[in-house]
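Student: This is the structure I want to talk about, given as structure tokens.
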Amino acid sequence: MPSVVGLLEQRELGARRRVDELREEADRVQAELVVAEREWKEWVIARSRVGGVLGPVAETEDHSRTEQAMPAQERAEEASSVSMAAKPKSQVPVWREGLDTSVLSMDHQRILRALTNRHRLHQGPLTCQEMAVLFGLDTVPSKVEALRSKAKRLVALGWLAESAPGRFTLARGVCGPGGGS
């Protein structure tokens, strides 16, 4: 007759295997969701651009129509996100050996920190969509594009590398926050 402890260990092992299986499945579904959301957003952008090209509306009229159609809450969120954004004239220095990440804005540091963690864990590049999820942002085009703009700027100045279109990693030699070089 098996011992009670042995039976409990068997049950624990079975439960742990089930949790691992479910986590793997959840990761797979999450990855599929990210891809599906990206594709959906691309179609939304395509439809919007085609509509903009086909519609002979002046830019100022189009902007005023958009402002009128946008709910008050979205206008308030947009205004608050603009006020929290980096100043238009803020400088991102070109990366060089020994330069600390503290010279960057908090948003740029957060991007570097996320990519440093990915690098440390030997995980691959990160998309802006994945960054938005990681940072707890809504994965709406405006938020994702704001991250893309920051990441592209960091690429242009040598802090990041774009291994494939839209897939960002640390540039060679950059160690991330606190690393300096």
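In the structure tokens, chains take letters A, B, ... by order of appearance, with residues numbered from 1 within each chain and ligands from 1 in the order shown.
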Might you pull out every residue within 12 Å of region 117-120 of chain A, with only C-alpha atoms counted and same-chain residues fewer than 2 positions away left off, and present them as an mmCIF file with N, CA, C and O atoms, in the first residue's frame?
Tutor:
data_model
loop_
_atom_site.group_PDB
_atom_site.id
_atom_site.type_symbol
_atom_site.label_atom_id
_atom_site.label_comp_id
_atom_site.auth_asym_id
_atom_site.auth_seq_id
_atom_site.Cartn_x
_atom_site.Cartn_y
_atom_site.Cartn_z
ATOM 1 N N ARG A 110 13.052 52.892 -20.076
ATOM 2 C CA ARG A 110 12.152 51.748 -19.902
ATOM 3 C C ARG A 110 12.272 50.789 -21.085
ATOM 4 O O ARG A 110 12.288 49.567 -20.912
ATOM 5 N N ILE A 111 12.385 51.326 -22.283
ATOM 6 C CA ILE A 111 12.569 50.480 -23.473
ATOM 7 C C ILE A 111 13.883 49.715 -23.365
ATOM 8 O O ILE A 111 13.945 48.506 -23.590
ATOM 9 N N LEU A 112 14.949 50.422 -22.992
ATOM 10 C CA LEU A 112 16.246 49.764 -22.848
ATOM 11 C C LEU A 112 16.222 48.697 -21.758
ATOM 12 O O LEU A 112 16.808 47.623 -21.912
ATOM 13 N N ARG A 113 15.543 48.985 -20.656
ATOM 14 C CA ARG A 113 15.457 48.020 -19.553
ATOM 15 C C ARG A 113 14.752 46.737 -20.022
ATOM 16 O O ARG A 113 15.193 45.632 -19.731
ATOM 17 N N ALA A 114 13.659 46.903 -20.777
ATOM 18 C CA ALA A 114 12.922 45.739 -21.273
ATOM 19 C C ALA A 114 13.790 44.904 -22.207
ATOM 20 O O ALA A 114 13.828 43.668 -22.112
ATOM 21 N N LEU A 115 14.527 45.571 -23.088
ATOM 22 C CA LEU A 115 15.376 44.841 -24.026
ATOM 23 C C LEU A 115 16.591 44.238 -23.329
ATOM 24 O O LEU A 115 17.066 43.174 -23.719
ATOM 25 N N HIS A 122 18.228 35.614 -22.765
ATOM 26 C CA HIS A 122 18.471 34.995 -24.073
ATOM 27 C C HIS A 122 17.182 34.836 -24.868
ATOM 28 O O HIS A 122 16.953 33.821 -25.525
ATOM 29 N N GLN A 123 16.311 35.846 -24.785
ATOM 30 C CA GLN A 123 15.088 35.858 -25.578
ATOM 31 C C GLN A 123 15.331 36.728 -26.802
ATOM 32 O O GLN A 123 16.251 37.542 -26.832
ATOM 33 N N GLY A 124 14.522 36.570 -27.785
ATOM 34 C CA GLY A 124 14.729 37.271 -29.047
ATOM 35 C C GLY A 124 14.324 38.730 -29.011
ATOM 36 O O GLY A 124 14.069 39.302 -27.948
ATOM 37 N N PRO A 125 14.256 39.332 -30.175
ATOM 38 C CA PRO A 125 13.883 40.740 -30.297
ATOM 39 C C PRO A 125 12.466 40.988 -29.783
ATOM 40 O O PRO A 125 11.689 40.059 -29.578
ATOM 41 N N LEU A 126 12.150 42.259 -29.611
ATOM 42 C CA LEU A 126 10.862 42.667 -29.066
ATOM 43 C C LEU A 126 10.190 43.602 -30.055
ATOM 44 O O LEU A 126 10.838 44.495 -30.608
ATOM 45 N N THR A 127 8.908 43.402 -30.315
ATOM 46 C CA THR A 127 8.156 44.312 -31.175
ATOM 47 C C THR A 127 7.546 45.412 -30.309
ATOM 48 O O THR A 127 7.439 45.276 -29.096
ATOM 49 N N GLU A 130 4.530 44.155 -28.466
ATOM 50 C CA GLU A 130 4.893 43.407 -27.264
ATOM 51 C C GLU A 130 5.348 44.344 -26.150
ATOM 52 O O GLU A 130 5.059 44.115 -24.985
ATOM 53 N N MET A 131 6.072 45.421 -26.531
ATOM 54 C CA MET A 131 6.485 46.409 -25.524
ATOM 55 C C MET A 131 5.269 47.044 -24.866
ATOM 56 O O MET A 131 5.240 47.231 -23.655
ATOM 57 N N LEU A 134 3.889 44.692 -22.435
ATOM 58 C CA LEU A 134 4.817 44.588 -21.321
ATOM 59 C C LEU A 134 4.727 45.793 -20.392
ATOM 60 O O LEU A 134 4.809 45.664 -19.176
ATOM 61 N N LEU A 160 19.863 51.021 -29.970
ATOM 62 C CA LEU A 160 19.167 49.780 -30.312
ATOM 63 C C LEU A 160 19.538 49.356 -31.718
ATOM 64 O O LEU A 160 20.055 50.147 -32.518
ATOM 65 N N PHE A 168 13.111 44.877 -32.338
ATOM 66 C CA PHE A 168 14.202 45.633 -31.739
ATOM 67 C C PHE A 168 14.985 44.820 -30.716
ATOM 68 O O PHE A 168 14.415 44.030 -29.963
ATOM 69 N N THR A 169 16.294 45.037 -30.707
ATOM 70 C CA THR A 169 17.202 44.447 -29.727
ATOM 71 C C THR A 169 18.188 45.528 -29.308
ATOM 72 O O THR A 169 18.245 46.595 -29.917
ATOM 73 N N LEU A 170 18.983 45.231 -28.283
ATOM 74 C CA LEU A 170 20.055 46.144 -27.899
ATOM 75 C C LEU A 170 21.095 46.161 -29.007
ATOM 76 O O LEU A 170 21.377 45.125 -29.623
ATOM 77 N N ALA A 171 21.681 47.314 -29.237
ATOM 78 C CA ALA A 171 22.766 47.406 -30.208
ATOM 79 C C ALA A 171 23.998 46.732 -29.616
ATOM 80 O O ALA A 171 24.126 46.608 -28.397
ATOM 81 N N ARG A 172 24.886 46.308 -30.466
ATOM 82 C CA ARG A 172 26.110 45.649 -30.013
ATOM 83 C C ARG A 172 26.871 46.607 -29.101
ATOM 84 O O ARG A 172 27.096 47.751 -29.447
ATOM 85 N N GLY A 173 27.228 46.131 -27.922
ATOM 86 C CA GLY A 173 27.987 46.940 -26.971
ATOM 87 C C GLY A 173 27.146 47.634 -25.933
ATOM 88 O O GLY A 173 27.636 48.032 -24.891
ATOM 89 N N VAL A 174 25.846 47.814 -26.184
ATOM 90 C CA VAL A 174 24.967 48.468 -25.218
ATOM 91 C C VAL A 174 24.534 47.425 -24.208
ATOM 92 O O VAL A 174 24.065 46.352 -24.577
ATOM 93 N N CYS A 175 24.671 47.742 -22.928
ATOM 94 C CA CYS A 175 24.322 46.775 -21.878
ATOM 95 C C CYS A 175 23.045 47.124 -21.175
ATOM 96 O O CYS A 175 22.591 46.394 -20.316
ATOM 97 N N GLY A 176 22.443 48.255 -21.478
ATOM 98 C CA GLY A 176 21.196 48.642 -20.823
ATOM 99 C C GLY A 176 21.422 49.439 -19.571
ATOM 100 O O GLY A 176 22.533 49.838 -19.257
ATOM 101 N N PRO A 177 20.337 49.701 -18.824
ATOM 102 C CA PRO A 177 20.412 50.550 -17.642
ATOM 103 C C PRO A 177 21.454 50.056 -16.632
ATOM 104 O O PRO A 177 21.501 48.895 -16.287
#
Student: Tell me, in Å to one decimal, how far CA of Asp107 (chain A) is from CA of Arg167 (chain A).
Tutor: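 These two atoms are separated by 17.7 Å.
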Student: Which residue, A:Leu154, A:Glu37, A:Val5, A:Arg18, has the smallest gap to Thr101 (chain A) when you use only C-alpha atoms?
Tutor: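 Among the listed residues, A:Leu154 lies closest to Thr101 (chain A).
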Student: Work out how far apart CA of His108 (chain A) and CA of Leu157 (chain A) are and give it in Å to one decimal.
Tutor: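 Atom-to-atom, CA of His108 (chain A) and CA of Leu157 (chain A) are spaced 11.9 Å apart.
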Student: Would you kindly return, as a PyMOL selection string, each protein, DNA or RNA residue with an atom no farther than 10 Å from any atom of Arg96 (chain A), considering only C-alpha atoms and excluding same-chain residues fewer than 2 positions away?
Tutor: chain A and resi 93-94+98-100+157-159+173-174+180-181
Student: What does the file look like for those residues with all heavy atoms, as a compact mmCIF listing (two decimals), in the first residue's frame?
Tutor:
# COMPACT_ATOMS: atom_id res chain seq x y z
N PRO A 93 21.20 61.50 -26.85
CA PRO A 93 22.58 61.51 -27.34
C PRO A 93 22.91 60.25 -28.14
O PRO A 93 22.31 59.21 -27.93
CB PRO A 93 23.42 61.57 -26.06
CG PRO A 93 22.54 60.97 -25.02
CD PRO A 93 21.13 61.31 -25.41
N VAL A 94 23.88 60.39 -29.02
CA VAL A 94 24.37 59.24 -29.77
C VAL A 94 25.10 58.35 -28.77
O VAL A 94 25.87 58.83 -27.94
CB VAL A 94 25.32 59.69 -30.89
CG1 VAL A 94 25.95 58.49 -31.59
CG2 VAL A 94 24.59 60.57 -31.89
N GLY A 98 30.78 53.83 -22.58
CA GLY A 98 30.85 54.48 -21.29
C GLY A 98 29.70 55.41 -20.98
O GLY A 98 29.59 55.92 -19.87
N LEU A 99 28.81 55.67 -21.95
CA LEU A 99 27.69 56.58 -21.73
C LEU A 99 26.60 55.84 -20.95
O LEU A 99 26.18 54.75 -21.33
CB LEU A 99 27.13 57.07 -23.07
CG LEU A 99 26.07 58.16 -23.02
CD1 LEU A 99 26.60 59.41 -22.33
CD2 LEU A 99 25.60 58.50 -24.42
N ASP A 100 26.16 56.42 -19.84
CA ASP A 100 25.15 55.78 -19.00
C ASP A 100 23.75 56.07 -19.53
O ASP A 100 23.51 57.14 -20.10
CB ASP A 100 25.30 56.29 -17.56
CG ASP A 100 24.49 55.47 -16.58
OD1 ASP A 100 24.45 54.23 -16.72
OD2 ASP A 100 23.89 56.07 -15.68
N LEU A 157 20.31 56.43 -33.24
CA LEU A 157 21.39 56.98 -32.44
C LEU A 157 22.29 55.91 -31.82
O LEU A 157 23.11 56.21 -30.95
CB LEU A 157 20.80 57.90 -31.37
CG LEU A 157 20.11 59.13 -32.00
CD1 LEU A 157 19.30 59.88 -30.97
CD2 LEU A 157 21.13 60.04 -32.66
N GLY A 158 22.11 54.66 -32.24
CA GLY A 158 23.04 53.61 -31.87
C GLY A 158 22.75 52.88 -30.57
O GLY A 158 23.54 52.04 -30.15
N TRP A 159 21.64 53.17 -29.91
CA TRP A 159 21.30 52.48 -28.66
C TRP A 159 20.67 51.12 -28.92
O TRP A 159 20.86 50.19 -28.15
CB TRP A 159 20.33 53.33 -27.83
CG TRP A 159 20.94 54.58 -27.29
CD1 TRP A 159 20.98 55.80 -27.90
CD2 TRP A 159 21.59 54.74 -26.03
NE1 TRP A 159 21.62 56.70 -27.09
CE2 TRP A 159 22.00 56.08 -25.93
CE3 TRP A 159 21.87 53.89 -24.97
CZ2 TRP A 159 22.66 56.60 -24.83
CZ3 TRP A 159 22.53 54.39 -23.87
CH2 TRP A 159 22.92 55.73 -23.81
N GLY A 173 27.23 46.13 -27.92
CA GLY A 173 27.99 46.94 -26.97
C GLY A 173 27.15 47.63 -25.93
O GLY A 173 27.64 48.03 -24.89
N VAL A 174 25.85 47.81 -26.18
CA VAL A 174 24.97 48.47 -25.22
C VAL A 174 24.53 47.42 -24.21
O VAL A 174 24.07 46.35 -24.58
CB VAL A 174 23.74 49.10 -25.92
CG1 VAL A 174 22.79 49.69 -24.89
CG2 VAL A 174 24.18 50.15 -26.92
N GLY A 180 26.15 51.05 -18.77
CA GLY A 180 27.05 52.07 -19.26
C GLY A 180 27.62 51.79 -20.61
O GLY A 180 27.71 52.65 -21.44
N SER A 181 28.06 50.58 -20.89
CA SER A 181 28.65 50.32 -22.19
C SER A 181 28.22 48.99 -22.74
O SER A 181 27.78 48.14 -22.07
CB SER A 181 30.17 50.36 -22.10
OG SER A 181 30.65 49.35 -21.23
